[in-house]
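*Asks:* Can you keep this structure in mind? I'll have questions shortly.
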Amino acid sequence: MESEGSLRERLIDVGVDIVMTDGPDSLGLREIARRAGVSHGAPRRYFPTHHALLSAIARRGFADLASRFEAAAEEDASPRDRLRALARTYLRYALEHRGMFELMFRHDLLDGKAQPSDLPPLRESTLPLFAHMVELVSRHTAERTAAGPATPAAVIAAALWTNLHGVAQLWAWGSLPLALGAAGQGGPEGADPLDRLLGAVLDAHLGPVNG
């Protein structure tokens, strides 16, 4: 007989599969229950609200993204190179897993008000990502100037994250490729236009490589 814990995890597994294949709009309680092979009321035994289940699914996305960051990191790389790897991973995840990315950053889930749950608010799942960015920015700026940055590392990291998130959204919607036109396709043959854009983002927030 399936344990309570394993059934709870299976409902989340099914939700992850649905959002990855069909998008977040398909994450109805009845559909999740149907694909999990349980009664339509079964999810309520583990998740008091629909939002609680969606938040549990979104947490899987943050865990997956964190593992990708870890895999992309090279311990011997410079802080800037590690930030580039993190940023590239973030953009690729956003574009390749659009449904999950959209769910992870839904305002109503991140807000977390009036959503009874035994788990921390979903918003807290973003904190390790941000803390890691702040650490790398702090190390990068410390290497560039002994006097330290005029702007706190947390503010620089917040601006960098905001820029990356905007690039991810606007690129996914087709707005950035349209706006850039030929400029977005220039550069060496075979160059990834997103990588060129990423380089400009890092230069804007961290300073040019040889600056």
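By order in the structure tokens, chains are A, B, ...; within a chain, residues start at 1; ligands start at 1, following the order shown.
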Can you list, as a list in words, every protein, DNA or RNA residue that comes within 12 Å of A:Leu202 when you count only C-alpha atoms, leaving out same-chain residues fewer than 3 positions away?

*Replies:*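 Counting only the stated atoms, we get Pro79, Arg80, Asp81, Arg82, Leu83, Arg84, Ala85, Leu86, Ala87, Arg88, Val137, His140, Ile156, Ala157, Ala159, Leu160, Trp161, Asn163, Leu164, Asp195, Arg196, Leu197, Leu198, Gly199, His205, Leu206, Gly207, Pro208 and Val209 of chain A.
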
*Asks:* For the residues selected in the previous step, produce a file with N, CA, C and O atoms as a compact mmCIF listing (two decimals), in the first residue's frame.

*Replies:*
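File selection25.txt, as written:
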# COMPACT_ATOMS: atom_id res chain seq x y z
N PRO A 79 35.13 34.76 -9.91
CA PRO A 79 33.74 35.10 -9.58
C PRO A 79 32.94 35.57 -10.79
O PRO A 79 31.78 35.21 -10.94
N ARG A 80 33.57 36.35 -11.65
CA ARG A 80 32.85 36.84 -12.84
C ARG A 80 32.48 35.68 -13.76
O ARG A 80 31.36 35.63 -14.28
N ASP A 81 33.42 34.75 -13.96
CA ASP A 81 33.11 33.60 -14.82
C ASP A 81 32.02 32.74 -14.21
O ASP A 81 31.18 32.17 -14.92
N ARG A 82 32.03 32.64 -12.89
CA ARG A 82 30.97 31.87 -12.23
C ARG A 82 29.63 32.58 -12.35
O ARG A 82 28.59 31.94 -12.51
N LEU A 83 29.64 33.91 -12.28
CA LEU A 83 28.41 34.66 -12.49
C LEU A 83 27.91 34.48 -13.92
O LEU A 83 26.70 34.36 -14.15
N ARG A 84 28.82 34.45 -14.88
CA ARG A 84 28.42 34.23 -16.26
C ARG A 84 27.79 32.84 -16.42
O ARG A 84 26.75 32.71 -17.09
N ALA A 85 28.39 31.83 -15.80
CA ALA A 85 27.83 30.48 -15.88
C ALA A 85 26.46 30.42 -15.23
O ALA A 85 25.52 29.80 -15.74
N LEU A 86 26.33 31.08 -14.08
CA LEU A 86 25.04 31.12 -13.39
C LEU A 86 24.00 31.83 -14.25
O LEU A 86 22.86 31.35 -14.40
N ALA A 87 24.37 32.97 -14.81
CA ALA A 87 23.44 33.74 -15.63
C ALA A 87 23.03 32.97 -16.88
O ALA A 87 21.85 32.97 -17.27
N ARG A 88 23.99 32.32 -17.53
CA ARG A 88 23.67 31.54 -18.72
C ARG A 88 22.71 30.40 -18.37
O ARG A 88 21.75 30.12 -19.11
N VAL A 137 29.11 38.50 -6.53
CA VAL A 137 29.30 39.92 -6.86
C VAL A 137 30.26 40.56 -5.87
O VAL A 137 31.15 41.33 -6.24
N HIS A 140 33.74 39.46 -6.67
CA HIS A 140 34.20 40.09 -7.91
C HIS A 140 34.62 41.54 -7.67
O HIS A 140 35.69 41.96 -8.11
N ILE A 156 23.76 45.55 -6.40
CA ILE A 156 24.27 45.17 -7.72
C ILE A 156 23.68 43.83 -8.14
O ILE A 156 23.23 43.64 -9.28
N ALA A 157 23.66 42.86 -7.20
CA ALA A 157 23.10 41.53 -7.51
C ALA A 157 21.62 41.62 -7.84
O ALA A 157 21.13 40.93 -8.75
N ALA A 159 20.06 44.21 -9.15
CA ALA A 159 19.93 44.81 -10.48
C ALA A 159 20.29 43.79 -11.57
O ALA A 159 19.62 43.71 -12.61
N LEU A 160 21.32 42.98 -11.32
CA LEU A 160 21.73 41.95 -12.27
C LEU A 160 20.63 40.92 -12.45
O LEU A 160 20.29 40.53 -13.58
N TRP A 161 20.06 40.46 -11.34
CA TRP A 161 18.98 39.47 -11.40
C TRP A 161 17.78 40.04 -12.15
O TRP A 161 17.17 39.37 -12.99
N ASN A 163 17.76 42.32 -14.42
CA ASN A 163 18.11 42.40 -15.84
C ASN A 163 18.01 41.02 -16.50
O ASN A 163 17.45 40.87 -17.58
N LEU A 164 18.55 40.00 -15.83
CA LEU A 164 18.49 38.65 -16.38
C LEU A 164 17.05 38.17 -16.54
O LEU A 164 16.69 37.56 -17.56
N ASP A 195 24.31 34.83 -25.74
CA ASP A 195 25.60 34.96 -25.06
C ASP A 195 26.15 36.37 -25.24
O ASP A 195 26.74 36.95 -24.32
N ARG A 196 25.96 36.95 -26.42
CA ARG A 196 26.43 38.32 -26.66
C ARG A 196 25.63 39.29 -25.78
O ARG A 196 26.19 40.23 -25.20
N LEU A 197 24.35 39.06 -25.68
CA LEU A 197 23.51 39.90 -24.83
C LEU A 197 23.90 39.74 -23.37
O LEU A 197 23.96 40.72 -22.62
N LEU A 198 24.19 38.52 -22.97
CA LEU A 198 24.60 38.24 -21.60
C LEU A 198 25.90 38.98 -21.28
O LEU A 198 26.07 39.52 -20.18
N GLY A 199 26.83 39.00 -22.23
CA GLY A 199 28.09 39.72 -22.01
C GLY A 199 27.84 41.19 -21.76
O GLY A 199 28.47 41.81 -20.89
N HIS A 205 26.64 45.70 -15.32
CA HIS A 205 26.50 45.64 -13.86
C HIS A 205 27.82 45.39 -13.13
O HIS A 205 27.96 45.78 -11.96
N LEU A 206 28.76 44.76 -13.81
CA LEU A 206 30.04 44.41 -13.16
C LEU A 206 31.20 45.23 -13.67
O LEU A 206 32.30 45.18 -13.12
N GLY A 207 30.98 45.97 -14.74
CA GLY A 207 32.06 46.70 -15.39
C GLY A 207 32.67 45.84 -16.48
O GLY A 207 32.59 44.61 -16.43
N PRO A 208 33.28 46.46 -17.49
CA PRO A 208 33.91 45.69 -18.57
C PRO A 208 35.05 44.83 -18.04
O PRO A 208 35.65 45.13 -17.01
N VAL A 209 35.33 43.76 -18.77
CA VAL A 209 36.35 42.80 -18.33
C VAL A 209 37.68 43.49 -18.11
O VAL A 209 38.37 43.24 -17.10

*Asks:* Could you pull out the helix (DSSP H, G or I) residues of stretch 120-154 of chain A, going by DSSP on the backbone, and write them as an NGL selection string?

*Replies:* :A and (122-144 or 153-154)

*Asks:* Dump C-alpha atoms for the selected residues as a compact mmCIF listing (two decimals), in the first residue's frame?

*Replies:*
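The resulting file, part.txt, is reproduced below:
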# COMPACT_ATOMS: atom_id res chain seq x y z
CA LEU A 122 7.62 29.90 -1.76
CA ARG A 123 9.33 33.31 -1.77
CA GLU A 124 12.00 31.85 0.53
CA SER A 125 13.00 29.43 -2.26
CA THR A 126 14.47 32.42 -4.11
CA LEU A 127 16.75 33.41 -1.24
CA PRO A 128 19.59 30.87 -1.85
CA LEU A 129 19.79 32.00 -5.48
CA PHE A 130 20.02 35.63 -4.49
CA ALA A 131 22.50 34.98 -1.67
CA HIS A 132 24.77 33.11 -4.08
CA MET A 133 24.67 36.00 -6.54
CA VAL A 134 25.45 38.50 -3.79
CA GLU A 135 28.45 36.42 -2.66
CA LEU A 136 29.88 36.22 -6.18
CA VAL A 137 29.30 39.92 -6.86
CA SER A 138 30.98 40.79 -3.56
CA ARG A 139 34.01 38.65 -4.41
CA HIS A 140 34.20 40.09 -7.91
CA THR A 141 34.11 43.70 -6.74
CA ALA A 142 36.64 42.98 -3.99
CA GLU A 143 39.07 41.72 -6.63
CA ARG A 144 38.57 44.83 -8.77
CA ALA A 153 26.88 44.02 -3.52
CA ALA A 154 23.25 43.13 -2.71

*Asks:* Which one of A:Arg10, A:Arg98, A:Arg68, A:Arg60 sits closest to A:Pro43 if you count only C-alpha atoms?

*Replies:*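 Among the listed residues, the smallest separation from A:Pro43 belongs to A:Arg10.
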
*Asks:* Smallest atom-to-atom distance to A:Ala63: which of A:Ser26, A:Pro152, A:Phe101, A:Val167, using only C-alpha atoms?

*Replies:*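 Answer, going by the shortest atom-to-atom distance: A:Phe101.
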
*Asks:* May I ask for the distance between atom CA of A:Gln169 and atom CA of A:Thr89, given in Å to one decimal place?

*Replies:*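 Going from atom CA of A:Gln169 over to atom CA of A:Thr89, I get 14.5 Å.
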
*Asks:* Applying 12 Å and only C-alpha atoms, which residues near stretch 38-42 of chain A remain after dropping the ones on its own chain fewer than 6 positions away? List them as a PyMOL selection string.

*Replies:* chain A and resi 2+4+7-8+10-11+14+28-32+48-50+53

*Asks:* Go through A:Ala52, A:Leu27, A:Met104, A:Val16 and flag the residue nearest A:Leu65, using only C-alpha atoms for the distances.

*Replies:*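 The answer is A:Met104, which sits nearest to A:Leu65.
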
*Asks:* Kindly indicate which residue among A:Leu194, A:Gly37, A:Ala168, A:Leu103 lies nearest to A:Ala56, using only C-alpha atoms for the distances.

*Replies:*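 Comparing A:Leu194, A:Gly37, A:Ala168, A:Leu103 against A:Ala56, the winner is A:Leu103.
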